[in-house]
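Asker: Just one file: run05.cif, with mmCIF, N, CA and C atoms, pLDDT in the B column; chains and numbers go by the auth columns.
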```cif
data_query
#
loop_
_atom_site.group_PDB
_atom_site.id
_atom_site.type_symbol
_atom_site.label_atom_id
_atom_site.label_comp_id
_atom_site.label_asym_id
_atom_site.label_seq_id
_atom_site.Cartn_x
_atom_site.Cartn_y
_atom_site.Cartn_z
_atom_site.B_iso_or_equiv
_atom_site.auth_seq_id
_atom_site.auth_asym_id
ATOM 1 N N MET A 1 0.845 -1.174 0.000 65.00 12 A
ATOM 2 C CA MET A 1 0.000 0.000 0.000 65.00 12 A
ATOM 3 C C MET A 1 0.894 1.243 0.000 65.00 12 A
ATOM 4 N N ARG A 2 0.539 2.211 -0.805 81.00 13 A
ATOM 5 C CA ARG A 2 1.315 3.442 -0.861 81.00 13 A
ATOM 6 C C ARG A 2 1.205 4.193 0.453 81.00 13 A
ATOM 7 N N PRO A 3 2.256 4.935 0.795 78.00 14 A
ATOM 8 C CA PRO A 3 2.238 5.634 2.085 78.00 14 A
ATOM 9 C C PRO A 3 1.091 6.638 2.228 78.00 14 A
ATOM 10 N N ILE A 4 0.741 7.354 1.171 86.00 15 A
ATOM 11 C CA ILE A 4 -0.328 8.344 1.279 86.00 15 A
ATOM 12 C C ILE A 4 -1.670 7.668 1.534 86.00 15 A
ATOM 13 N N PHE A 5 -1.893 6.503 0.925 91.00 16 A
ATOM 14 C CA PHE A 5 -3.135 5.778 1.161 91.00 16 A
ATOM 15 C C PHE A 5 -3.168 5.188 2.568 91.00 16 A
ATOM 16 N N TRP A 6 -2.001 4.744 3.049 86.00 17 A
ATOM 17 C CA TRP A 6 -1.932 4.223 4.417 86.00 17 A
ATOM 18 C C TRP A 6 -2.328 5.301 5.410 86.00 17 A
ATOM 19 N N TRP A 7 -1.734 6.487 5.269 88.00 18 A
ATOM 20 C CA TRP A 7 -2.053 7.597 6.173 88.00 18 A
ATOM 21 C C TRP A 7 -3.518 7.996 6.045 88.00 18 A
ATOM 22 N N ALA A 8 -4.012 8.110 4.823 92.00 19 A
ATOM 23 C CA ALA A 8 -5.403 8.525 4.616 92.00 19 A
ATOM 24 C C ALA A 8 -6.369 7.511 5.224 92.00 19 A
ATOM 25 N N PHE A 9 -6.113 6.229 5.006 93.00 20 A
ATOM 26 C CA PHE A 9 -6.986 5.184 5.552 93.00 20 A
ATOM 27 C C PHE A 9 -7.042 5.255 7.072 93.00 20 A
ATOM 28 N N HIS A 10 -5.898 5.353 7.712 91.00 21 A
ATOM 29 C CA HIS A 10 -5.872 5.344 9.168 91.00 21 A
ATOM 30 C C HIS A 10 -6.468 6.618 9.757 91.00 21 A
ATOM 31 N N ILE A 11 -6.291 7.738 9.118 93.00 22 A
ATOM 32 C CA ILE A 11 -6.882 8.981 9.615 93.00 22 A
ATOM 33 C C ILE A 11 -8.397 8.947 9.442 93.00 22 A
ATOM 34 N N VAL A 12 -8.896 8.418 8.310 95.00 23 A
ATOM 35 C CA VAL A 12 -10.336 8.315 8.100 95.00 23 A
ATOM 36 C C VAL A 12 -10.965 7.362 9.119 95.00 23 A
ATOM 37 N N VAL A 13 -10.337 6.234 9.370 95.00 24 A
ATOM 38 C CA VAL A 13 -10.861 5.286 10.362 95.00 24 A
ATOM 39 C C VAL A 13 -10.840 5.913 11.751 95.00 24 A
ATOM 40 N N LEU A 14 -9.809 6.677 12.062 95.00 25 A
ATOM 41 C CA LEU A 14 -9.735 7.355 13.350 95.00 25 A
ATOM 42 C C LEU A 14 -10.863 8.368 13.501 95.00 25 A
ATOM 43 N N LEU A 15 -11.185 9.096 12.443 95.00 26 A
ATOM 44 C CA LEU A 15 -12.282 10.061 12.489 95.00 26 A
ATOM 45 C C LEU A 15 -13.642 9.368 12.623 95.00 26 A
ATOM 46 N N ILE A 16 -13.817 8.244 11.931 96.00 27 A
ATOM 47 C CA ILE A 16 -15.063 7.486 12.042 96.00 27 A
ATOM 48 C C ILE A 16 -15.239 6.948 13.467 96.00 27 A
ATOM 49 N N CYS A 17 -14.165 6.431 14.044 96.00 28 A
ATOM 50 C CA CYS A 17 -14.240 5.922 15.421 96.00 28 A
ATOM 51 C C CYS A 17 -14.541 7.046 16.404 96.00 28 A
ATOM 52 N N THR A 18 -14.004 8.232 16.149 96.00 29 A
ATOM 53 C CA THR A 18 -14.304 9.369 17.005 96.00 29 A
ATOM 54 C C THR A 18 -15.779 9.743 16.905 96.00 29 A
ATOM 55 N N GLY A 19 -16.342 9.671 15.710 96.00 30 A
ATOM 56 C CA GLY A 19 -17.772 9.929 15.545 96.00 30 A
ATOM 57 C C GLY A 19 -18.625 8.924 16.297 96.00 30 A
ATOM 58 N N PHE A 20 -18.250 7.652 16.255 96.00 31 A
ATOM 59 C CA PHE A 20 -18.992 6.637 17.000 96.00 31 A
ATOM 60 C C PHE A 20 -18.832 6.821 18.512 96.00 31 A
ATOM 61 N N LEU A 21 -17.677 7.298 18.947 96.00 32 A
ATOM 62 C CA LEU A 21 -17.495 7.577 20.364 96.00 32 A
ATOM 63 C C LEU A 21 -18.431 8.697 20.809 96.00 32 A
ATOM 64 N N ILE A 22 -18.534 9.749 20.021 97.00 33 A
ATOM 65 C CA ILE A 22 -19.442 10.852 20.340 97.00 33 A
ATOM 66 C C ILE A 22 -20.889 10.374 20.312 97.00 33 A
ATOM 67 N N LEU A 23 -21.236 9.538 19.334 96.00 34 A
ATOM 68 C CA LEU A 23 -22.586 8.983 19.265 96.00 34 A
ATOM 69 C C LEU A 23 -22.896 8.119 20.488 96.00 34 A
ATOM 70 N N GLY A 24 -21.947 7.322 20.917 96.00 35 A
ATOM 71 C CA GLY A 24 -22.139 6.487 22.105 96.00 35 A
ATOM 72 C C GLY A 24 -22.327 7.314 23.367 96.00 35 A
ATOM 73 N N ILE A 25 -21.581 8.409 23.486 96.00 36 A
ATOM 74 C CA ILE A 25 -21.739 9.286 24.648 96.00 36 A
ATOM 75 C C ILE A 25 -23.113 9.944 24.634 96.00 36 A
ATOM 76 N N ASN A 26 -23.567 10.380 23.451 96.00 37 A
ATOM 77 C CA ASN A 26 -24.905 10.973 23.362 96.00 37 A
ATOM 78 C C ASN A 26 -25.997 9.957 23.658 96.00 37 A
ATOM 79 N N MET A 27 -25.812 8.705 23.217 95.00 38 A
ATOM 80 C CA MET A 27 -26.779 7.662 23.545 95.00 38 A
ATOM 81 C C MET A 27 -26.810 7.391 25.046 95.00 38 A
ATOM 82 N N LEU A 28 -25.647 7.412 25.675 93.00 39 A
ATOM 83 C CA LEU A 28 -25.577 7.187 27.115 93.00 39 A
ATOM 84 C C LEU A 28 -26.285 8.304 27.874 93.00 39 A
ATOM 85 N N ARG A 29 -26.109 9.533 27.419 94.00 40 A
ATOM 86 C CA ARG A 29 -26.800 10.652 28.056 94.00 40 A
ATOM 87 C C ARG A 29 -28.312 10.532 27.862 94.00 40 A
ATOM 88 N N GLY A 30 -28.730 10.073 26.679 93.00 41 A
ATOM 89 C CA GLY A 30 -30.156 9.915 26.416 93.00 41 A
ATOM 90 C C GLY A 30 -30.785 8.757 27.166 93.00 41 A
ATOM 91 N N ALA A 31 -29.960 7.762 27.519 92.00 42 A
ATOM 92 C CA ALA A 31 -30.489 6.593 28.229 92.00 42 A
ATOM 93 C C ALA A 31 -31.003 6.967 29.613 92.00 42 A
ATOM 94 N N TYR A 32 -30.408 7.979 30.211 92.00 43 A
ATOM 95 C CA TYR A 32 -30.827 8.350 31.565 92.00 43 A
ATOM 96 C C TYR A 32 -32.172 9.060 31.583 92.00 43 A
ATOM 97 N N GLY A 33 -32.695 9.472 30.438 90.00 44 A
ATOM 98 C CA GLY A 33 -33.987 10.122 30.399 90.00 44 A
ATOM 99 C C GLY A 33 -35.137 9.200 30.049 90.00 44 A
ATOM 100 N N MET A 34 -34.881 7.910 29.957 91.00 45 A
ATOM 101 C CA MET A 34 -35.924 6.968 29.559 91.00 45 A
ATOM 102 C C MET A 34 -36.797 6.575 30.736 91.00 45 A
ATOM 103 N N LYS A 35 -38.074 6.314 30.418 90.00 46 A
ATOM 104 C CA LYS A 35 -39.047 5.979 31.458 90.00 46 A
ATOM 105 C C LYS A 35 -38.917 4.546 31.945 90.00 46 A
ATOM 106 N N TYR A 36 -38.861 3.626 31.008 92.00 47 A
ATOM 107 C CA TYR A 36 -38.950 2.204 31.348 92.00 47 A
ATOM 108 C C TYR A 36 -37.555 1.624 31.606 92.00 47 A
ATOM 109 N N PRO A 37 -37.429 0.820 32.666 92.00 48 A
ATOM 110 C CA PRO A 37 -36.119 0.260 33.013 92.00 48 A
ATOM 111 C C PRO A 37 -35.527 -0.634 31.926 92.00 48 A
ATOM 112 N N LEU A 38 -36.373 -1.392 31.236 93.00 49 A
ATOM 113 C CA LEU A 38 -35.857 -2.273 30.195 93.00 49 A
ATOM 114 C C LEU A 38 -35.218 -1.469 29.066 93.00 49 A
ATOM 115 N N TYR A 39 -35.857 -0.394 28.651 93.00 50 A
ATOM 116 C CA TYR A 39 -35.298 0.469 27.607 93.00 50 A
ATOM 117 C C TYR A 39 -34.005 1.132 28.080 93.00 50 A
ATOM 118 N N PHE A 40 -33.982 1.480 29.355 93.00 51 A
ATOM 119 C CA PHE A 40 -32.764 2.078 29.912 93.00 51 A
ATOM 120 C C PHE A 40 -31.603 1.095 29.840 93.00 51 A
ATOM 121 N N PHE A 41 -31.824 -0.147 30.262 93.00 52 A
ATOM 122 C CA PHE A 41 -30.746 -1.131 30.254 93.00 52 A
ATOM 123 C C PHE A 41 -30.271 -1.429 28.836 93.00 52 A
ATOM 124 N N ILE A 42 -31.183 -1.527 27.887 93.00 53 A
ATOM 125 C CA ILE A 42 -30.789 -1.796 26.503 93.00 53 A
ATOM 126 C C ILE A 42 -29.947 -0.645 25.966 93.00 53 A
ATOM 127 N N ALA A 43 -30.422 0.587 26.169 94.00 54 A
ATOM 128 C CA ALA A 43 -29.691 1.752 25.675 94.00 54 A
ATOM 129 C C ALA A 43 -28.370 1.941 26.413 94.00 54 A
ATOM 130 N N PHE A 44 -28.376 1.680 27.715 94.00 55 A
ATOM 131 C CA PHE A 44 -27.164 1.860 28.514 94.00 55 A
ATOM 132 C C PHE A 44 -26.061 0.902 28.080 94.00 55 A
ATOM 133 N N PHE A 45 -26.376 -0.381 27.987 95.00 56 A
ATOM 134 C CA PHE A 45 -25.349 -1.345 27.635 95.00 56 A
ATOM 135 C C PHE A 45 -24.938 -1.232 26.168 95.00 56 A
ATOM 136 N N GLY A 46 -25.878 -0.886 25.305 94.00 57 A
ATOM 137 C CA GLY A 46 -25.522 -0.674 23.901 94.00 57 A
ATOM 138 C C GLY A 46 -24.581 0.499 23.729 94.00 57 A
ATOM 139 N N SER A 47 -24.872 1.601 24.400 95.00 58 A
ATOM 140 C CA SER A 47 -24.000 2.768 24.287 95.00 58 A
ATOM 141 C C SER A 47 -22.658 2.516 24.963 95.00 58 A
ATOM 142 N N PHE A 48 -22.677 1.769 26.053 95.00 59 A
ATOM 143 C CA PHE A 48 -21.430 1.452 26.740 95.00 59 A
ATOM 144 C C PHE A 48 -20.521 0.596 25.855 95.00 59 A
ATOM 145 N N MET A 49 -21.102 -0.350 25.120 96.00 60 A
ATOM 146 C CA MET A 49 -20.293 -1.158 24.193 96.00 60 A
ATOM 147 C C MET A 49 -19.745 -0.309 23.051 96.00 60 A
ATOM 148 N N MET A 50 -20.556 0.633 22.553 96.00 61 A
ATOM 149 C CA MET A 50 -20.068 1.535 21.503 96.00 61 A
ATOM 150 C C MET A 50 -18.887 2.356 21.999 96.00 61 A
ATOM 151 N N ILE A 51 -18.986 2.846 23.224 96.00 62 A
ATOM 152 C CA ILE A 51 -17.905 3.656 23.790 96.00 62 A
ATOM 153 C C ILE A 51 -16.646 2.814 23.977 96.00 62 A
ATOM 154 N N LEU A 52 -16.793 1.595 24.487 97.00 63 A
ATOM 155 C CA LEU A 52 -15.624 0.740 24.709 97.00 63 A
ATOM 156 C C LEU A 52 -14.937 0.348 23.404 97.00 63 A
ATOM 157 N N ILE A 53 -15.712 -0.074 22.417 96.00 64 A
ATOM 158 C CA ILE A 53 -15.117 -0.533 21.160 96.00 64 A
ATOM 159 C C ILE A 53 -14.480 0.622 20.412 96.00 64 A
ATOM 160 N N SER A 54 -15.195 1.739 20.290 96.00 65 A
ATOM 161 C CA SER A 54 -14.621 2.865 19.551 96.00 65 A
ATOM 162 C C SER A 54 -13.438 3.471 20.300 96.00 65 A
ATOM 163 N N GLY A 55 -13.485 3.488 21.623 96.00 66 A
ATOM 164 C CA GLY A 55 -12.349 3.992 22.397 96.00 66 A
ATOM 165 C C GLY A 55 -11.108 3.136 22.227 96.00 66 A
ATOM 166 N N SER A 56 -11.284 1.825 22.228 96.00 67 A
ATOM 167 C CA SER A 56 -10.126 0.943 22.042 96.00 67 A
ATOM 168 C C SER A 56 -9.574 1.051 20.622 96.00 67 A
ATOM 169 N N LEU A 57 -10.450 1.210 19.636 95.00 68 A
ATOM 170 C CA LEU A 57 -9.961 1.394 18.272 95.00 68 A
ATOM 171 C C LEU A 57 -9.229 2.726 18.112 95.00 68 A
ATOM 172 N N ILE A 58 -9.711 3.763 18.777 96.00 69 A
ATOM 173 C CA ILE A 58 -9.021 5.057 18.727 96.00 69 A
ATOM 174 C C ILE A 58 -7.627 4.937 19.320 96.00 69 A
ATOM 175 N N VAL A 59 -7.510 4.260 20.441 96.00 70 A
ATOM 176 C CA VAL A 59 -6.194 4.080 21.062 96.00 70 A
ATOM 177 C C VAL A 59 -5.284 3.265 20.158 96.00 70 A
ATOM 178 N N GLY A 60 -5.792 2.189 19.575 94.00 71 A
ATOM 179 C CA GLY A 60 -4.969 1.340 18.705 94.00 71 A
ATOM 180 C C GLY A 60 -4.494 2.065 17.458 94.00 71 A
ATOM 181 N N PHE A 61 -5.398 2.767 16.783 93.00 72 A
ATOM 182 C CA PHE A 61 -4.993 3.483 15.578 93.00 72 A
ATOM 183 C C PHE A 61 -4.104 4.678 15.901 93.00 72 A
ATOM 184 N N SER A 62 -4.295 5.293 17.050 93.00 73 A
ATOM 185 C CA SER A 62 -3.419 6.399 17.443 93.00 73 A
ATOM 186 C C SER A 62 -2.003 5.899 17.692 93.00 73 A
ATOM 187 N N ILE A 63 -1.883 4.731 18.317 93.00 74 A
ATOM 188 C CA ILE A 63 -0.555 4.155 18.550 93.00 74 A
ATOM 189 C C ILE A 63 0.113 3.809 17.225 93.00 74 A
ATOM 190 N N LYS A 64 -0.662 3.220 16.282 92.00 75 A
ATOM 191 C CA LYS A 64 -0.095 2.901 14.971 92.00 75 A
ATOM 192 C C LYS A 64 0.377 4.156 14.249 92.00 75 A
ATOM 193 N N LEU A 65 -0.424 5.216 14.300 91.00 76 A
ATOM 194 C CA LEU A 65 -0.036 6.472 13.648 91.00 76 A
ATOM 195 C C LEU A 65 1.197 7.072 14.308 91.00 76 A
ATOM 196 N N PHE A 66 1.250 7.029 15.635 91.00 77 A
ATOM 197 C CA PHE A 66 2.399 7.581 16.339 91.00 77 A
ATOM 198 C C PHE A 66 3.674 6.809 16.020 91.00 77 A
ATOM 199 N N LEU A 67 3.584 5.477 16.011 89.00 78 A
ATOM 200 C CA LEU A 67 4.770 4.678 15.707 89.00 78 A
ATOM 201 C C LEU A 67 5.246 4.893 14.280 89.00 78 A
ATOM 202 N N ARG A 68 4.313 5.005 13.330 87.00 79 A
ATOM 203 C CA ARG A 68 4.709 5.258 11.941 87.00 79 A
ATOM 204 C C ARG A 68 5.314 6.647 11.807 87.00 79 A
ATOM 205 N N TRP A 69 4.704 7.631 12.485 86.00 80 A
ATOM 206 C CA TRP A 69 5.220 9.005 12.438 86.00 80 A
ATOM 207 C C TRP A 69 6.643 9.063 13.000 86.00 80 A
ATOM 208 N N ARG A 70 6.863 8.353 14.110 84.00 81 A
ATOM 209 C CA ARG A 70 8.188 8.338 14.713 84.00 81 A
ATOM 210 C C ARG A 70 9.195 7.606 13.830 84.00 81 A
ATOM 211 N N SER A 71 8.770 6.528 13.187 80.00 82 A
ATOM 212 C CA SER A 71 9.700 5.783 12.335 80.00 82 A
ATOM 213 C C SER A 71 10.038 6.551 11.066 80.00 82 A
ATOM 214 N N VAL A 72 9.132 7.377 10.587 75.00 83 A
ATOM 215 C CA VAL A 72 9.424 8.189 9.406 75.00 83 A
ATOM 216 C C VAL A 72 10.528 9.180 9.727 75.00 83 A
ATOM 217 N N PHE A 73 10.489 9.764 10.912 76.00 84 A
ATOM 218 C CA PHE A 73 11.520 10.728 11.271 76.00 84 A
ATOM 219 C C PHE A 73 12.826 10.064 11.674 76.00 84 A
ATOM 220 N N ASN A 74 12.801 8.793 11.994 77.00 85 A
ATOM 221 C CA ASN A 74 14.033 8.067 12.290 77.00 85 A
ATOM 222 C C ASN A 74 14.573 7.346 11.051 77.00 85 A
ATOM 223 N N ASN A 75 13.869 7.519 9.911 69.00 86 A
ATOM 224 C CA ASN A 75 14.262 6.909 8.635 69.00 86 A
ATOM 225 C C ASN A 75 14.257 5.382 8.684 69.00 86 A
ATOM 226 N N THR A 76 13.449 4.809 9.531 60.00 87 A
ATOM 227 C CA THR A 76 13.276 3.370 9.556 60.00 87 A
ATOM 228 C C THR A 76 11.783 3.096 9.420 60.00 87 A
ATOM 229 N N VAL A 77 11.356 2.657 8.275 58.00 88 A
ATOM 230 C CA VAL A 77 9.949 2.406 8.015 58.00 88 A
ATOM 231 C C VAL A 77 9.583 1.016 8.509 58.00 88 A
ATOM 232 N N ILE A 78 8.551 0.937 9.308 61.00 89 A
ATOM 233 C CA ILE A 78 8.059 -0.345 9.809 61.00 89 A
ATOM 234 C C ILE A 78 7.050 -0.880 8.818 61.00 89 A
ATOM 235 N N ARG A 79 7.254 -2.075 8.305 62.00 90 A
ATOM 236 C CA ARG A 79 6.335 -2.689 7.333 62.00 90 A
ATOM 237 C C ARG A 79 5.494 -3.728 8.038 62.00 90 A
ATOM 238 N N ARG A 80 4.204 -3.390 8.247 60.00 91 A
ATOM 239 C CA ARG A 80 3.290 -4.342 8.886 60.00 91 A
ATOM 240 C C ARG A 80 2.034 -4.429 8.103 60.00 91 A
#
```
Spell out the structure here as structure tokens.
Answerer:
Amino acid sequence: MRPIFWWAFHIVVLLICTGFLILGINMLRGAYGMKYPLYFFIAFFGSFMMILISGSLIVGFSIKLFLRWRSVFNNTVIRR
């Protein structure tokens, strides 16, 4: 994969994961306004899973971007 496409792909995925993180936080805030306990639990656990998955993906892709950025400046490209 060309370097420009690698960077573009990872930045786009990072932005998408950030959007899902914001959506999960908004769902969690909305869950507390629900009347019925069953709806609250469904919305709460669903939003919590969205926050956990998107947060872990953000951390993983950020580490990959940081390591690639550091290797570019050290003139040692990591091929993975």
Asker: I'd like the interatomic distance between atom CA of Thr29 of chain A and atom CA of Lys75 of chain A, to a tenth of an Å.
Answerer: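 Going from atom CA of Thr29 of chain A over to atom CA of Lys75 of chain A covers 15.7 Å.
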Asker: Could you please determine the separation between atom N of Phe56 of chain A and atom CA of Met38 of chain A in Å, to one decimal place?
Answerer: 9.2 Å
Asker: Considering only C-alpha atoms, state which residue in the set A:Gly57, A:Arg13, A:Trp18, A:Phe51 is at the smallest distance from Phe77 of chain A.
Answerer: A:Trp18
Asker: Can you pull out every residue within 9 Å of Phe55 of chain A, counting only C-alpha atoms, but drop anything in the same chain fewer than 5 positions away, and send it as an mmCIF file with N, CA and C atoms, keeping the file's coordinate frame?
Answerer:
```
data_model
loop_
_atom_site.group_PDB
_atom_site.id
_atom_site.type_symbol
_atom_site.label_atom_id
_atom_site.label_comp_id
_atom_site.auth_asym_id
_atom_site.auth_seq_id
_atom_site.Cartn_x
_atom_site.Cartn_y
_atom_site.Cartn_z
ATOM 1 N N MET A 38 -25.812 8.705 23.217
ATOM 2 C CA MET A 38 -26.779 7.662 23.545
ATOM 3 C C MET A 38 -26.810 7.391 25.046
ATOM 4 N N LEU A 39 -25.647 7.412 25.675
ATOM 5 C CA LEU A 39 -25.577 7.187 27.115
ATOM 6 C C LEU A 39 -26.285 8.304 27.874
ATOM 7 N N ARG A 40 -26.109 9.533 27.419
ATOM 8 C CA ARG A 40 -26.800 10.652 28.056
ATOM 9 C C ARG A 40 -28.312 10.532 27.862
ATOM 10 N N GLY A 41 -28.730 10.073 26.679
ATOM 11 C CA GLY A 41 -30.156 9.915 26.416
ATOM 12 C C GLY A 41 -30.785 8.757 27.166
ATOM 13 N N ALA A 42 -29.960 7.762 27.519
ATOM 14 C CA ALA A 42 -30.489 6.593 28.229
ATOM 15 C C ALA A 42 -31.003 6.967 29.613
ATOM 16 N N TYR A 43 -30.408 7.979 30.211
ATOM 17 C CA TYR A 43 -30.827 8.350 31.565
ATOM 18 C C TYR A 43 -32.172 9.060 31.583
ATOM 19 N N TYR A 50 -35.857 -0.394 28.651
ATOM 20 C CA TYR A 50 -35.298 0.469 27.607
ATOM 21 C C TYR A 50 -34.005 1.132 28.080
ATOM 22 N N MET A 60 -21.102 -0.350 25.120
ATOM 23 C CA MET A 60 -20.293 -1.158 24.193
ATOM 24 C C MET A 60 -19.745 -0.309 23.051
#
```
Asker: Determine the residue set returned by the PyMOL selection byres ((chain A and resi 24-28) around 7) for the present structure, and present it as a PDB file with N, CA and C atoms, in the frame of the given file.
Answerer:
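Result went into expr-v3.pdb, see below:
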```pdb
ATOM      1  N   ALA A  19      -4.012   8.110   4.823  1.00 92.00           N
ATOM      2  CA  ALA A  19      -5.403   8.525   4.616  1.00 92.00           C
ATOM      3  C   ALA A  19      -6.369   7.511   5.224  1.00 92.00           C
ATOM      4  N   PHE A  20      -6.113   6.229   5.006  1.00 93.00           N
ATOM      5  CA  PHE A  20      -6.986   5.184   5.552  1.00 93.00           C
ATOM      6  C   PHE A  20      -7.042   5.255   7.072  1.00 93.00           C
ATOM      7  N   HIS A  21      -5.898   5.353   7.712  1.00 91.00           N
ATOM      8  CA  HIS A  21      -5.872   5.344   9.168  1.00 91.00           C
ATOM      9  C   HIS A  21      -6.468   6.618   9.757  1.00 91.00           C
ATOM     10  N   ILE A  22      -6.291   7.738   9.118  1.00 93.00           N
ATOM     11  CA  ILE A  22      -6.882   8.981   9.615  1.00 93.00           C
ATOM     12  C   ILE A  22      -8.397   8.947   9.442  1.00 93.00           C
ATOM     13  N   VAL A  23      -8.896   8.418   8.310  1.00 95.00           N
ATOM     14  CA  VAL A  23     -10.336   8.315   8.100  1.00 95.00           C
ATOM     15  C   VAL A  23     -10.965   7.362   9.119  1.00 95.00           C
ATOM     16  N   THR A  29     -14.004   8.232  16.149  1.00 96.00           N
ATOM     17  CA  THR A  29     -14.304   9.369  17.005  1.00 96.00           C
ATOM     18  C   THR A  29     -15.779   9.743  16.905  1.00 96.00           C
ATOM     19  N   GLY A  30     -16.342   9.671  15.710  1.00 96.00           N
ATOM     20  CA  GLY A  30     -17.772   9.929  15.545  1.00 96.00           C
ATOM     21  C   GLY A  30     -18.625   8.924  16.297  1.00 96.00           C
ATOM     22  N   PHE A  31     -18.250   7.652  16.255  1.00 96.00           N
ATOM     23  CA  PHE A  31     -18.992   6.637  17.000  1.00 96.00           C
ATOM     24  C   PHE A  31     -18.832   6.821  18.512  1.00 96.00           C
ATOM     25  N   LEU A  32     -17.677   7.298  18.947  1.00 96.00           N
ATOM     26  CA  LEU A  32     -17.495   7.577  20.364  1.00 96.00           C
ATOM     27  C   LEU A  32     -18.431   8.697  20.809  1.00 96.00           C
ATOM     28  N   ILE A  33     -18.534   9.749  20.021  1.00 97.00           N
ATOM     29  CA  ILE A  33     -19.442  10.852  20.340  1.00 97.00           C
ATOM     30  C   ILE A  33     -20.889  10.374  20.312  1.00 97.00           C
ATOM     31  N   SER A  65     -15.195   1.739  20.290  1.00 96.00           N
ATOM     32  CA  SER A  65     -14.621   2.865  19.551  1.00 96.00           C
ATOM     33  C   SER A  65     -13.438   3.471  20.300  1.00 96.00           C
ATOM     34  N   GLY A  66     -13.485   3.488  21.623  1.00 96.00           N
ATOM     35  CA  GLY A  66     -12.349   3.992  22.397  1.00 96.00           C
ATOM     36  C   GLY A  66     -11.108   3.136  22.227  1.00 96.00           C
ATOM     37  N   LEU A  68     -10.450   1.210  19.636  1.00 95.00           N
ATOM     38  CA  LEU A  68      -9.961   1.394  18.272  1.00 95.00           C
ATOM     39  C   LEU A  68      -9.229   2.726  18.112  1.00 95.00           C
ATOM     40  N   ILE A  69      -9.711   3.763  18.777  1.00 96.00           N
ATOM     41  CA  ILE A  69      -9.021   5.057  18.727  1.00 96.00           C
ATOM     42  C   ILE A  69      -7.627   4.937  19.320  1.00 96.00           C
ATOM     43  N   PHE A  72      -5.398   2.767  16.783  1.00 93.00           N
ATOM     44  CA  PHE A  72      -4.993   3.483  15.578  1.00 93.00           C
ATOM     45  C   PHE A  72      -4.104   4.678  15.901  1.00 93.00           C
ATOM     46  N   SER A  73      -4.295   5.293  17.050  1.00 93.00           N
ATOM     47  CA  SER A  73      -3.419   6.399  17.443  1.00 93.00           C
ATOM     48  C   SER A  73      -2.003   5.899  17.692  1.00 93.00           C
TER      49      SER A  73
END
```
Asker: Would you please extract all alpha helix (DSSP H) residues from chain A, as assigned by DSSP on the backbone, and give them as a ChimeraX atom specification?
Answerer: /A:14-42,48-84
Asker: For the atom pair atom CA of Tyr47 of chain A and atom CA of Phe59 of chain A, what is the interatomic distance in Å to one decimal place?
Answerer: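 These two atoms are separated by 18.1 Å.
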Asker: Pick from A:Arg79, A:Trp17, A:Leu34, A:Val70: nearest to Ser58 of chain A, with all atoms listed in the file counted?
Answerer: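 Distance minimum relative to Ser58 of chain A lands on A:Leu34.
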